[in-house]
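*Asks:* File upload-v6.csv below, CSV, C-alpha atoms and all ligand atoms:
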```csv
chain,number,residue,atom,x,y,z
A,1,MET,CA,0.0,0.0,0.0
A,2,HIS,CA,1.1,3.6,-0.8
A,3,ASN,CA,2.4,5.6,2.1
A,4,LEU,CA,1.9,8.9,0.2
A,5,GLY,CA,5.6,9.8,0.6
A,6,GLN,CA,5.6,9.5,4.4
A,7,THR,CA,8.5,7.8,6.3
A,8,ARG,CA,10.2,8.0,9.7
A,9,SER,CA,13.5,8.1,7.9
A,10,SER,CA,15.3,11.4,8.2
A,11,ASN,CA,18.6,12.9,6.8
A,12,GLY,CA,19.8,15.5,9.3
A,13,ARG,CA,22.9,17.7,9.3
A,14,ASP,CA,24.6,15.5,11.9
A,15,HIS,CA,22.6,12.3,11.8
A,16,LEU,CA,20.7,9.8,9.7
A,17,LEU,CA,17.7,7.7,10.8
A,18,LEU,CA,17.0,5.0,8.2
A,19,THR,CA,13.9,2.9,8.6
A,20,PRO,CA,13.4,-0.4,6.7
A,21,ASP,CA,10.8,1.0,4.3
A,22,THR,CA,13.5,3.2,2.8
A,23,PHE,CA,16.2,0.6,2.5
A,24,VAL,CA,17.5,0.1,-1.1
A,25,ARG,CA,19.5,-3.1,-1.9
A,26,THR,CA,22.6,-3.0,-4.1
A,27,SER,CA,25.3,-5.3,-5.3
A,28,LEU,CA,28.9,-4.9,-4.1
A,29,PRO,CA,32.1,-6.2,-5.6
A,30,GLY,CA,33.0,-9.5,-3.9
A,31,LEU,CA,29.4,-10.2,-2.8
A,32,GLU,CA,28.1,-13.2,-4.6
A,33,ARG,CA,24.5,-14.5,-4.4
A,34,GLY,CA,23.6,-11.7,-2.0
A,35,GLU,CA,22.8,-8.0,-1.7
A,36,ALA,CA,23.8,-5.2,0.6
A,37,ILE,CA,21.9,-2.4,2.2
A,38,VAL,CA,24.6,0.3,2.7
A,39,HIS,CA,23.5,2.2,5.7
A,40,VAL,CA,26.4,4.6,6.0
A,41,SER,CA,29.6,5.3,4.2
A,42,PRO,CA,32.2,8.1,3.6
A,43,ALA,CA,29.6,9.5,1.1
A,44,VAL,CA,28.0,11.2,4.0
A,45,GLY,CA,31.2,12.0,5.8
A,46,ALA,CA,31.5,8.9,8.0
A,47,GLY,CA,34.9,7.4,8.6
A,48,PHE,CA,33.6,3.9,8.2
A,49,THR,CA,31.1,1.8,6.2
A,50,GLN,CA,28.2,-0.2,7.7
A,51,TYR,CA,25.9,-2.3,5.7
A,52,THR,CA,23.6,-5.3,6.2
A,53,ALA,CA,24.5,-8.1,3.9
A,54,GLU,CA,21.7,-10.5,2.9
A,55,LEU,CA,23.1,-13.8,1.6
A,56,GLU,CA,21.2,-16.7,-0.1
A,57,PRO,CA,22.3,-20.2,0.8
A,58,SER,CA,25.9,-20.6,-0.4
A,59,GLY,CA,26.1,-16.8,-1.0
A,60,SER,CA,29.5,-15.4,0.0
A,61,MET,CA,31.6,-12.3,0.6
A,62,ALA,CA,35.3,-12.1,-0.5
A,63,ALA,CA,38.0,-10.8,1.8
A,64,SER,CA,38.2,-7.1,2.3
A,65,SER,CA,41.2,-4.8,2.1
A,66,ALA,CA,39.9,-2.9,5.1
A,67,GLN,CA,39.5,-4.4,8.6
A,68,ARG,CA,36.0,-5.9,9.0
A,69,PHE,CA,33.6,-6.7,11.8
A,70,VAL,CA,30.7,-9.0,11.2
A,71,TYR,CA,27.8,-9.8,13.5
A,72,LEU,CA,25.3,-12.5,12.5
A,73,LEU,CA,21.6,-11.5,12.8
A,74,SER,CA,20.1,-14.6,11.4
A,75,GLY,CA,21.1,-17.8,9.5
A,76,GLY,CA,24.5,-19.5,9.7
A,77,LEU,CA,28.0,-18.6,8.3
A,78,GLU,CA,31.3,-20.3,7.7
A,79,LEU,CA,34.5,-18.1,7.8
A,80,CYS,CA,37.2,-19.7,5.7
A,81,GLY,CA,40.8,-18.5,6.0
A,82,ALA,CA,44.0,-19.8,4.5
A,83,ASP,CA,44.2,-22.5,7.3
A,84,THR,CA,41.1,-22.0,9.4
A,85,SER,CA,37.4,-22.6,9.1
A,86,GLN,CA,35.0,-21.5,11.8
A,87,GLY,CA,31.2,-21.3,12.0
A,88,LEU,CA,29.1,-18.5,13.2
A,89,GLU,CA,25.6,-18.8,14.7
A,90,PRO,CA,23.2,-15.9,15.3
A,91,GLY,CA,24.7,-13.6,17.9
A,92,GLY,CA,28.2,-14.8,16.8
A,93,TYR,CA,30.6,-12.2,15.5
A,94,ALA,CA,34.1,-11.9,14.1
A,95,TYR,CA,36.8,-9.3,13.7
A,96,ILE,CA,38.8,-9.8,10.6
A,97,PRO,CA,42.1,-7.8,10.2
A,98,ALA,CA,42.7,-5.8,7.1
A,99,GLY,CA,43.7,-7.9,4.1
A,100,MET,CA,43.4,-11.3,5.9
A,101,GLU,CA,42.3,-14.0,3.4
A,102,CYS,CA,38.9,-14.8,4.9
A,103,ARG,CA,35.8,-15.7,2.8
A,104,ILE,CA,32.4,-15.6,4.4
A,105,THR,CA,30.0,-18.2,3.1
A,106,ALA,CA,26.3,-18.6,4.1
A,107,ARG,CA,25.3,-22.2,5.1
A,108,LYS,CA,21.7,-21.0,4.8
A,109,GLU,CA,19.9,-17.8,4.1
A,110,SER,CA,21.7,-15.2,6.3
A,111,ARG,CA,21.6,-11.6,7.4
A,112,LEU,CA,24.7,-10.0,8.8
A,113,VAL,CA,25.9,-6.6,10.0
A,114,VAL,CA,29.2,-5.6,8.3
A,115,ILE,CA,31.4,-2.8,9.5
A,116,GLU,CA,34.5,-1.8,7.6
A,117,LYS,CA,37.1,0.8,8.4
A,118,PRO,CA,40.6,1.6,7.2
A,119,TYR,CA,43.0,0.6,10.0
A,120,GLU,CA,44.8,3.4,11.8
A,121,PRO,CA,48.1,1.9,13.0
A,122,LEU,CA,49.7,3.0,16.3
A,123,SER,CA,53.4,3.0,16.4
A,124,GLY,CA,54.8,0.1,18.5
A,125,VAL,CA,51.4,-1.6,18.6
A,126,GLU,CA,50.6,-4.7,16.5
A,127,GLN,CA,47.4,-4.9,14.5
A,128,PRO,CA,44.9,-7.2,16.1
A,129,GLY,CA,44.5,-10.7,14.8
A,130,LEU,CA,41.4,-12.7,13.9
A,131,LEU,CA,38.8,-12.9,16.6
A,132,VAL,CA,35.7,-15.1,16.5
A,133,HIS,CA,33.3,-15.1,19.4
A,134,ASP,CA,29.6,-14.9,20.4
A,135,GLU,CA,27.8,-12.2,22.2
A,136,GLY,CA,26.1,-14.7,24.6
A,137,SER,CA,29.5,-15.4,26.2
A,138,VAL,CA,30.4,-11.8,26.8
A,139,ALA,CA,29.8,-10.6,30.3
A,140,SER,CA,27.7,-7.4,30.6
A,141,THR,CA,28.3,-4.4,32.8
A,142,ALA,CA,25.9,-1.8,34.1
A,143,LEU,CA,26.4,1.6,32.5
A,144,HIS,CA,27.3,4.1,35.3
A,145,GLY,CA,25.9,1.6,37.8
A,146,ASN,CA,22.5,1.4,36.2
A,147,GLU,CA,21.5,-2.3,36.4
A,148,ASP,CA,18.7,-1.6,33.9
A,149,LEU,CA,21.2,-0.6,31.2
A,150,GLN,CA,23.6,-3.4,30.4
A,151,VAL,CA,26.6,-3.0,28.0
A,152,ARG,CA,28.5,-5.8,26.3
A,153,SER,CA,31.8,-4.8,24.7
A,154,LEU,CA,32.3,-7.2,21.9
A,155,LEU,CA,36.0,-6.3,21.2
A,156,PRO,CA,38.8,-6.1,23.8
A,157,ASP,CA,39.4,-2.5,24.9
A,158,VAL,CA,43.1,-2.5,24.0
A,159,PRO,CA,44.9,0.2,22.0
A,160,ALA,CA,45.4,-2.2,19.0
A,161,PHE,CA,41.7,-1.8,18.2
A,162,ASP,CA,40.8,1.6,16.6
A,163,PHE,CA,37.0,1.0,17.0
A,164,ALA,CA,34.6,-0.5,19.5
A,165,VAL,CA,31.4,-2.4,18.9
A,166,ASN,CA,29.0,-2.9,21.9
A,167,THR,CA,25.5,-4.0,22.5
A,168,MET,CA,23.4,-2.0,24.9
A,169,THR,CA,20.3,-3.4,26.5
A,170,TYR,CA,17.7,-1.2,28.2
A,171,GLU,CA,15.0,-2.5,30.4
A,172,PRO,CA,11.6,-0.8,29.7
A,173,GLY,CA,11.8,2.8,31.0
A,174,ALA,CA,15.7,2.8,31.3
A,175,ALA,CA,17.5,5.7,29.6
A,176,LEU,CA,20.9,7.2,29.1
A,177,SER,CA,21.7,9.3,32.2
A,178,GLN,CA,22.9,12.3,30.1
A,179,VAL,CA,22.6,13.8,26.7
A,180,GLU,CA,26.0,12.7,25.1
A,181,ILE,CA,28.0,15.0,22.8
A,182,HIS,CA,31.3,13.5,21.9
A,183,VAL,CA,34.0,13.4,19.2
A,184,MET,CA,33.3,9.8,18.3
A,185,GLU,CA,30.7,8.9,15.6
A,186,HIS,CA,28.3,6.1,15.9
A,187,GLY,CA,26.7,3.5,13.6
A,188,LEU,CA,23.7,1.9,15.4
A,189,LEU,CA,21.3,-0.9,14.5
A,190,MET,CA,18.2,-1.4,16.7
A,191,LEU,CA,18.0,-5.1,17.3
A,192,GLU,CA,15.1,-5.4,19.7
A,193,GLY,CA,12.3,-3.3,21.2
A,194,GLY,CA,12.2,0.4,20.8
A,195,GLY,CA,12.0,3.9,22.3
A,196,ILE,CA,12.7,7.5,21.7
A,197,TYR,CA,16.1,8.6,20.3
A,198,ARG,CA,17.2,12.2,20.5
A,199,LEU,CA,19.5,13.1,17.6
A,200,GLY,CA,20.6,16.7,17.3
A,201,ASP,CA,17.5,18.8,18.1
A,202,CYS,CA,14.9,16.1,17.1
A,203,TRP,CA,13.3,13.3,19.1
A,204,TYR,CA,12.4,10.2,17.0
A,205,PRO,CA,10.4,7.1,17.8
A,206,VAL,CA,12.7,4.1,16.9
A,207,THR,CA,12.1,0.4,16.7
A,208,ALA,CA,13.9,-2.9,15.8
A,209,GLY,CA,15.3,-2.8,12.3
A,210,ASP,CA,16.1,0.9,12.2
A,211,PHE,CA,19.6,2.2,11.5
A,212,ILE,CA,21.1,5.4,12.9
A,213,TRP,CA,24.3,7.2,12.1
A,214,MET,CA,25.5,9.9,14.5
A,215,ALA,CA,28.2,12.3,13.2
A,216,PRO,CA,30.9,13.5,15.7
A,217,TYR,CA,29.3,15.8,18.3
A,218,CYS,CA,25.8,14.9,17.4
A,219,PRO,CA,23.7,15.4,20.6
A,220,GLN,CA,22.3,12.0,21.5
A,221,TRP,CA,20.0,10.4,24.1
A,222,PHE,CA,17.8,7.3,24.3
A,223,GLY,CA,15.0,6.1,26.5
A,224,ALA,CA,13.4,2.7,26.1
A,225,LEU,CA,9.6,2.4,25.8
A,226,GLY,CA,7.2,-0.5,25.7
A,227,LYS,CA,6.9,-3.7,27.6
A,228,ARG,CA,10.1,-5.4,26.4
A,229,ALA,CA,13.8,-4.5,26.6
A,230,ALA,CA,15.3,-2.4,23.8
A,231,LYS,CA,18.6,-3.5,22.5
A,232,TYR,CA,21.0,-2.0,19.9
A,233,LEU,CA,24.4,-2.8,18.4
A,234,ILE,CA,26.6,0.3,18.4
A,235,TYR,CA,29.9,1.2,16.6
A,236,LYS,CA,32.2,4.0,17.6
A,237,ASP,CA,35.7,5.0,16.6
A,238,TRP,CA,37.9,4.5,19.6
A,239,ASN,CA,41.5,4.6,21.0
A,240,ARG,CA,42.9,7.1,18.5
A,241,HIS,CA,44.0,10.7,18.9
A,242,PRO,CA,41.7,13.2,17.0
A,243,LEU,CA,44.7,14.6,15.1
A,244,GLY,CA,45.3,11.1,13.7
B,1,LIG,O1,29.2,4.5,23.9
B,1,LIG,C1,28.5,5.5,23.7
B,1,LIG,O2,28.9,6.6,23.3
B,1,LIG,C2,27.0,5.2,23.9
B,1,LIG,N1,26.7,5.4,25.3
B,1,LIG,N2,26.2,6.1,23.0
B,1,LIG,C3,24.9,5.9,22.8
B,1,LIG,O3,24.3,4.9,23.3
B,1,LIG,N3,24.3,6.8,22.0
B,2,MN,MN,27.5,7.9,22.4
```
Represent the structure from my file as structure tokens, please.

*Replies:*
Amino acid sequence: MHNLGQTRSSNGRDHLLLTPDTFVRTSLPGLERGEAIVHVSPAVGAGFTQYTAELEPSGSMAASSAQRFVYLLSGGLELCGADTSQGLEPGGYAYIPAGMECRITARKESRLVVIEKPYEPLSGVEQPGLLVHDEGSVASTALHGNEDLQVRSLLPDVPAFDFAVNTMTYEPGAALSQVEIHVMEHGLLMLEGGGIYRLGDCWYPVTAGDFIWMAPYCPQWFGALGKRAAKYLIYKDWNRHPLG
């Protein structure tokens, strides 16, 4: 049915809210038997790329020249390197260093979050190696002591990593304790539940499936609404000096 040009999607000066009704699928080099929804890229000024890859059974993604983080939303994957092969189930994720020979193949129809960023080396610090893990085995911590707002850091917080990816789970009614304004940018995918996101000077209703990009210094705040927990996966650049 026609929505007469209405959508919750919004393209603001310092943020994007992209709702599934406005997603457009595209092919990408190295992506076989699959399509990508490119949520954010340097085309809007972001320092990274985030997309959702949708793979048919046996669909695959070739290795990337940039470092890559993948998080499996649904289906099942096989990561095949030069001498390793590891499976991923939903909630499983992997960090793949820049240039590592690692093909991602779908064992069945699969949807995955893909984040890619050129690696910023730090002198005297070795680039991280391959990491394969699952979110369920990561301990959560209460944000600023709020037990109703649990954070799971999916990557080790060590200087070798130049970005972080976390999940944040809000019990109904829980909220960030402050409006944040910070130098880091964010890529955010709502995984469960919903609530109200403040971005810049606008307050948006958001729900599972929505994507948000926040530019550096975008004022941001979230409060969870409804009867179930709200959960999102959030990227930020991390551990690097702003002067590069
Ligand atoms: O890590 C963060 O900056 C996070 N608290 N931001 C957010 O949830 N919008
Ligand atoms: Mn933030």

*Asks:* Please report as JSON lines every residue of chain A lying within 8 Å of ligand MN 2 (chain B), along with the nearest atom pair and their distance in Å (one decimal), using all atoms listed in the file.

*Replies:*
```
{"residue": "A:Glu180", "atom": "CA", "partner": "B:MN2", "partner_atom": "MN", "distance": 5.7}
{"residue": "A:Ile181", "atom": "CA", "partner": "B:MN2", "partner_atom": "MN", "distance": 7.1}
{"residue": "A:His182", "atom": "CA", "partner": "B:MN2", "partner_atom": "MN", "distance": 6.8}
{"residue": "A:Met184", "atom": "CA", "partner": "B:MN2", "partner_atom": "MN", "distance": 7.4}
{"residue": "A:Glu185", "atom": "CA", "partner": "B:MN2", "partner_atom": "MN", "distance": 7.6}
{"residue": "A:His186", "atom": "CA", "partner": "B:MN2", "partner_atom": "MN", "distance": 6.8}
{"residue": "A:Gln220", "atom": "CA", "partner": "B:MN2", "partner_atom": "MN", "distance": 6.7}
{"residue": "A:Lys236", "atom": "CA", "partner": "B:MN2", "partner_atom": "MN", "distance": 7.8}
```

*Asks:* Limited to C-alpha atoms, could you put the picked residues into a file as an mmCIF file, keeping the file's coordinate frame?

*Replies:*
```cif
data_model
loop_
_atom_site.group_PDB
_atom_site.id
_atom_site.type_symbol
_atom_site.label_atom_id
_atom_site.label_comp_id
_atom_site.auth_asym_id
_atom_site.auth_seq_id
_atom_site.Cartn_x
_atom_site.Cartn_y
_atom_site.Cartn_z
ATOM 1 C CA GLU A 180 26.000 12.700 25.100
ATOM 2 C CA ILE A 181 28.000 15.000 22.800
ATOM 3 C CA HIS A 182 31.300 13.500 21.900
ATOM 4 C CA MET A 184 33.300 9.800 18.300
ATOM 5 C CA GLU A 185 30.700 8.900 15.600
ATOM 6 C CA HIS A 186 28.300 6.100 15.900
ATOM 7 C CA GLN A 220 22.300 12.000 21.500
ATOM 8 C CA LYS A 236 32.200 4.000 17.600
#
```

*Asks:* What are the closest atom pairs, with distances in Å to one decimal, for all residues of chain A lying within 10 Å of ligand LIG 1 (chain B)? Consider only C-alpha atoms and all ligand atoms, order rows by chain and residue number, and present the result as a Markdown table.

*Replies:*
```
| residue | atom | partner | partner_atom | distance |
| --- | --- | --- | --- | --- |
| A:Leu143 | CA | B:LIG1 | N1 | 8.1 |
| A:Val151 | CA | B:LIG1 | N1 | 8.8 |
| A:Ser153 | CA | B:LIG1 | O1 | 9.7 |
| A:Ala164 | CA | B:LIG1 | O1 | 8.6 |
| A:Val165 | CA | B:LIG1 | O1 | 8.8 |
| A:Asn166 | CA | B:LIG1 | O1 | 7.7 |
| A:Thr167 | CA | B:LIG1 | O3 | 9.0 |
| A:Met168 | CA | B:LIG1 | O3 | 7.1 |
| A:Thr169 | CA | B:LIG1 | O3 | 9.8 |
| A:Ala175 | CA | B:LIG1 | O3 | 9.3 |
| A:Leu176 | CA | B:LIG1 | O3 | 7.1 |
| A:Ser177 | CA | B:LIG1 | N1 | 9.4 |
| A:Gln178 | CA | B:LIG1 | N1 | 9.2 |
| A:Val179 | CA | B:LIG1 | N3 | 8.6 |
| A:Glu180 | CA | B:LIG1 | N3 | 6.9 |
| A:Ile181 | CA | B:LIG1 | O2 | 8.5 |
| A:His182 | CA | B:LIG1 | O2 | 7.4 |
| A:Val183 | CA | B:LIG1 | O2 | 9.4 |
| A:Met184 | CA | B:LIG1 | O2 | 7.4 |
| A:Glu185 | CA | B:LIG1 | O2 | 8.2 |
| A:His186 | CA | B:LIG1 | N3 | 7.3 |
| A:Gly187 | CA | B:LIG1 | N3 | 9.3 |
| A:Leu188 | CA | B:LIG1 | N3 | 8.2 |
| A:Tyr197 | CA | B:LIG1 | N3 | 8.6 |
| A:Arg198 | CA | B:LIG1 | N3 | 9.0 |
| A:Leu199 | CA | B:LIG1 | N3 | 9.1 |
| A:Ile212 | CA | B:LIG1 | N3 | 9.7 |
| A:Trp213 | CA | B:LIG1 | N3 | 9.9 |
| A:Met214 | CA | B:LIG1 | N3 | 8.2 |
| A:Cys218 | CA | B:LIG1 | N3 | 9.4 |
| A:Pro219 | CA | B:LIG1 | N3 | 8.7 |
| A:Gln220 | CA | B:LIG1 | N3 | 5.6 |
| A:Trp221 | CA | B:LIG1 | N3 | 6.0 |
| A:Phe222 | CA | B:LIG1 | N3 | 6.9 |
| A:Gly223 | CA | B:LIG1 | O3 | 9.9 |
| A:Tyr232 | CA | B:LIG1 | O3 | 8.4 |
| A:Leu233 | CA | B:LIG1 | O3 | 9.1 |
| A:Ile234 | CA | B:LIG1 | O3 | 7.1 |
| A:Tyr235 | CA | B:LIG1 | O1 | 8.0 |
| A:Lys236 | CA | B:LIG1 | O1 | 7.0 |
| A:Asp237 | CA | B:LIG1 | O2 | 9.7 |
| A:Trp238 | CA | B:LIG1 | O1 | 9.7 |
```

*Asks:* Go ahead and find all residues with at least one atom no further than 6 Å from (28.8, -4.0, 6.1) in the file's coordinates, using all atoms listed in the file; report them as a PDB file with C-alpha atoms, in the coordinates of the input.

*Replies:*
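result_3.pdb was written with the following content:
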```pdb
ATOM      1  CA  GLN A  50      28.200  -0.200   7.700  1.00  0.00           C
ATOM      2  CA  TYR A  51      25.900  -2.300   5.700  1.00  0.00           C
ATOM      3  CA  THR A  52      23.600  -5.300   6.200  1.00  0.00           C
ATOM      4  CA  VAL A 113      25.900  -6.600  10.000  1.00  0.00           C
ATOM      5  CA  VAL A 114      29.200  -5.600   8.300  1.00  0.00           C
ATOM      6  CA  ILE A 115      31.400  -2.800   9.500  1.00  0.00           C
TER       7      ILE A 115
END
```

*Asks:* Which polymer residues, protein or nucleic acid, are no farther than 10 Å from (26.0, -18.9, 19.4), counting all atoms listed in the file, as a ChimeraX atom specification?

*Replies:* /A:72,76,87-93,133-137

*Asks:* How many Å separate CA of Pro216 (chain A) from CA of Gly173 (chain A)?

*Replies:*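 So the two atoms, CA of Pro216 (chain A) and CA of Gly173 (chain A), lie 26.7 Å apart.
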
*Asks:* When distances are computed from all atoms listed in the file, which of A:Ser110, A:Gln6, A:Thr19, A:Gln86 shows the smallest separation from Ser58 (chain A)?

*Replies:*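 Among A:Ser110, A:Gln6, A:Thr19, A:Gln86, it is A:Ser110 that comes nearest to Ser58 (chain A).
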
*Asks:* For a test of reading the model, state the distance in Å between CA of Leu189 (chain A) and CA of Ala208 (chain A), rounded to one decimal.

*Replies:* 7.8 Å

*Asks:* For CA of Glu56 (chain A) and CA of Gly34 (chain A), determine how far apart the two atoms are, in Å to one decimal place.

*Replies:* 5.9 Å

*Asks:* Name the closest residue to Pro20 (chain A) among the candidates A:Ala230, A:Val138, A:Leu112, A:Met190; distances are taken between atoms, counting all atoms listed in the file.

*Replies:*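 Answer, going by the shortest atom-to-atom distance: A:Met190.
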
*Asks:* Restricting the calculation to only C-alpha atoms, which member of A:Tyr71, A:Tyr204, A:Phe163, A:Tyr95 is positioned closest to Gly12 (chain A)?

*Replies:*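 Checking each candidate against Gly12 (chain A), we get A:Tyr204 as the closest.
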
*Asks:* So which residues touch Asn239 (chain A) within 10 Å, counting all atoms listed in the file, skipping near sequence neighbours fewer than 2 positions away, as a VMD selection string?

*Replies:* chain A and resid 120 122 157 to 164 236 to 237 241 to 242

*Asks:* Dump C-alpha atoms for the selected residues as an mmCIF file, in the coordinates of the input?

*Replies:*
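Below is the file that was written, selection.cif:
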```
data_model
loop_
_atom_site.group_PDB
_atom_site.id
_atom_site.type_symbol
_atom_site.label_atom_id
_atom_site.label_comp_id
_atom_site.auth_asym_id
_atom_site.auth_seq_id
_atom_site.Cartn_x
_atom_site.Cartn_y
_atom_site.Cartn_z
ATOM 1 C CA GLU A 120 44.800 3.400 11.800
ATOM 2 C CA LEU A 122 49.700 3.000 16.300
ATOM 3 C CA ASP A 157 39.400 -2.500 24.900
ATOM 4 C CA VAL A 158 43.100 -2.500 24.000
ATOM 5 C CA PRO A 159 44.900 0.200 22.000
ATOM 6 C CA ALA A 160 45.400 -2.200 19.000
ATOM 7 C CA PHE A 161 41.700 -1.800 18.200
ATOM 8 C CA ASP A 162 40.800 1.600 16.600
ATOM 9 C CA PHE A 163 37.000 1.000 17.000
ATOM 10 C CA ALA A 164 34.600 -0.500 19.500
ATOM 11 C CA LYS A 236 32.200 4.000 17.600
ATOM 12 C CA ASP A 237 35.700 5.000 16.600
ATOM 13 C CA HIS A 241 44.000 10.700 18.900
ATOM 14 C CA PRO A 242 41.700 13.200 17.000
#
```

*Asks:* From the list A:Leu4, A:Ala66, A:Phe211, A:Asp148, which residue is nearest Gly47 (chain A) when using all atoms listed in the file?

*Replies:* A:Ala66

*Asks:* Pick out the residues sitting within 7 Å of Gly194 (chain A), and hand them over as a ChimeraX atom specification; count only C-alpha atoms, and ignore anything fewer than 2 positions along from it in its own chain.

*Replies:* /A:192,206-208,224-225,230

*Asks:* Do a neighbour search on Ile37 (chain A) at 8 Å with all atoms listed in the file, toss out local chain neighbours closer than 6 positions, and write the hits as a PDB file with C-alpha atoms, keeping the file's coordinate frame.

*Replies:*
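The resulting file, around06.pdb, is reproduced below:
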```pdb
ATOM      1  CA  PHE A  23      16.200   0.600   2.500  1.00  0.00           C
ATOM      2  CA  VAL A  24      17.500   0.100  -1.100  1.00  0.00           C
ATOM      3  CA  ARG A  25      19.500  -3.100  -1.900  1.00  0.00           C
ATOM      4  CA  THR A  26      22.600  -3.000  -4.100  1.00  0.00           C
ATOM      5  CA  TYR A  51      25.900  -2.300   5.700  1.00  0.00           C
ATOM      6  CA  THR A  52      23.600  -5.300   6.200  1.00  0.00           C
ATOM      7  CA  ALA A  53      24.500  -8.100   3.900  1.00  0.00           C
TER       8      ALA A  53
END
```

*Asks:* For each of A:Val70, A:Arg228, A:Ser65, A:Glu35, take the minimum atom-to-atom distance to Leu154 (chain A), counting only C-alpha atoms, then give the residue where this is smallest.

*Replies:*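 Closest residue, counting only C-alpha atoms: A:Val70.
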
*Asks:* Tell me which of A:Glu101, A:Glu147, A:Glu116, A:Asp201 sits closest to Thr84 (chain A), counting all atoms listed in the file.

*Replies:*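 The closest residue to Thr84 (chain A) is A:Glu101.
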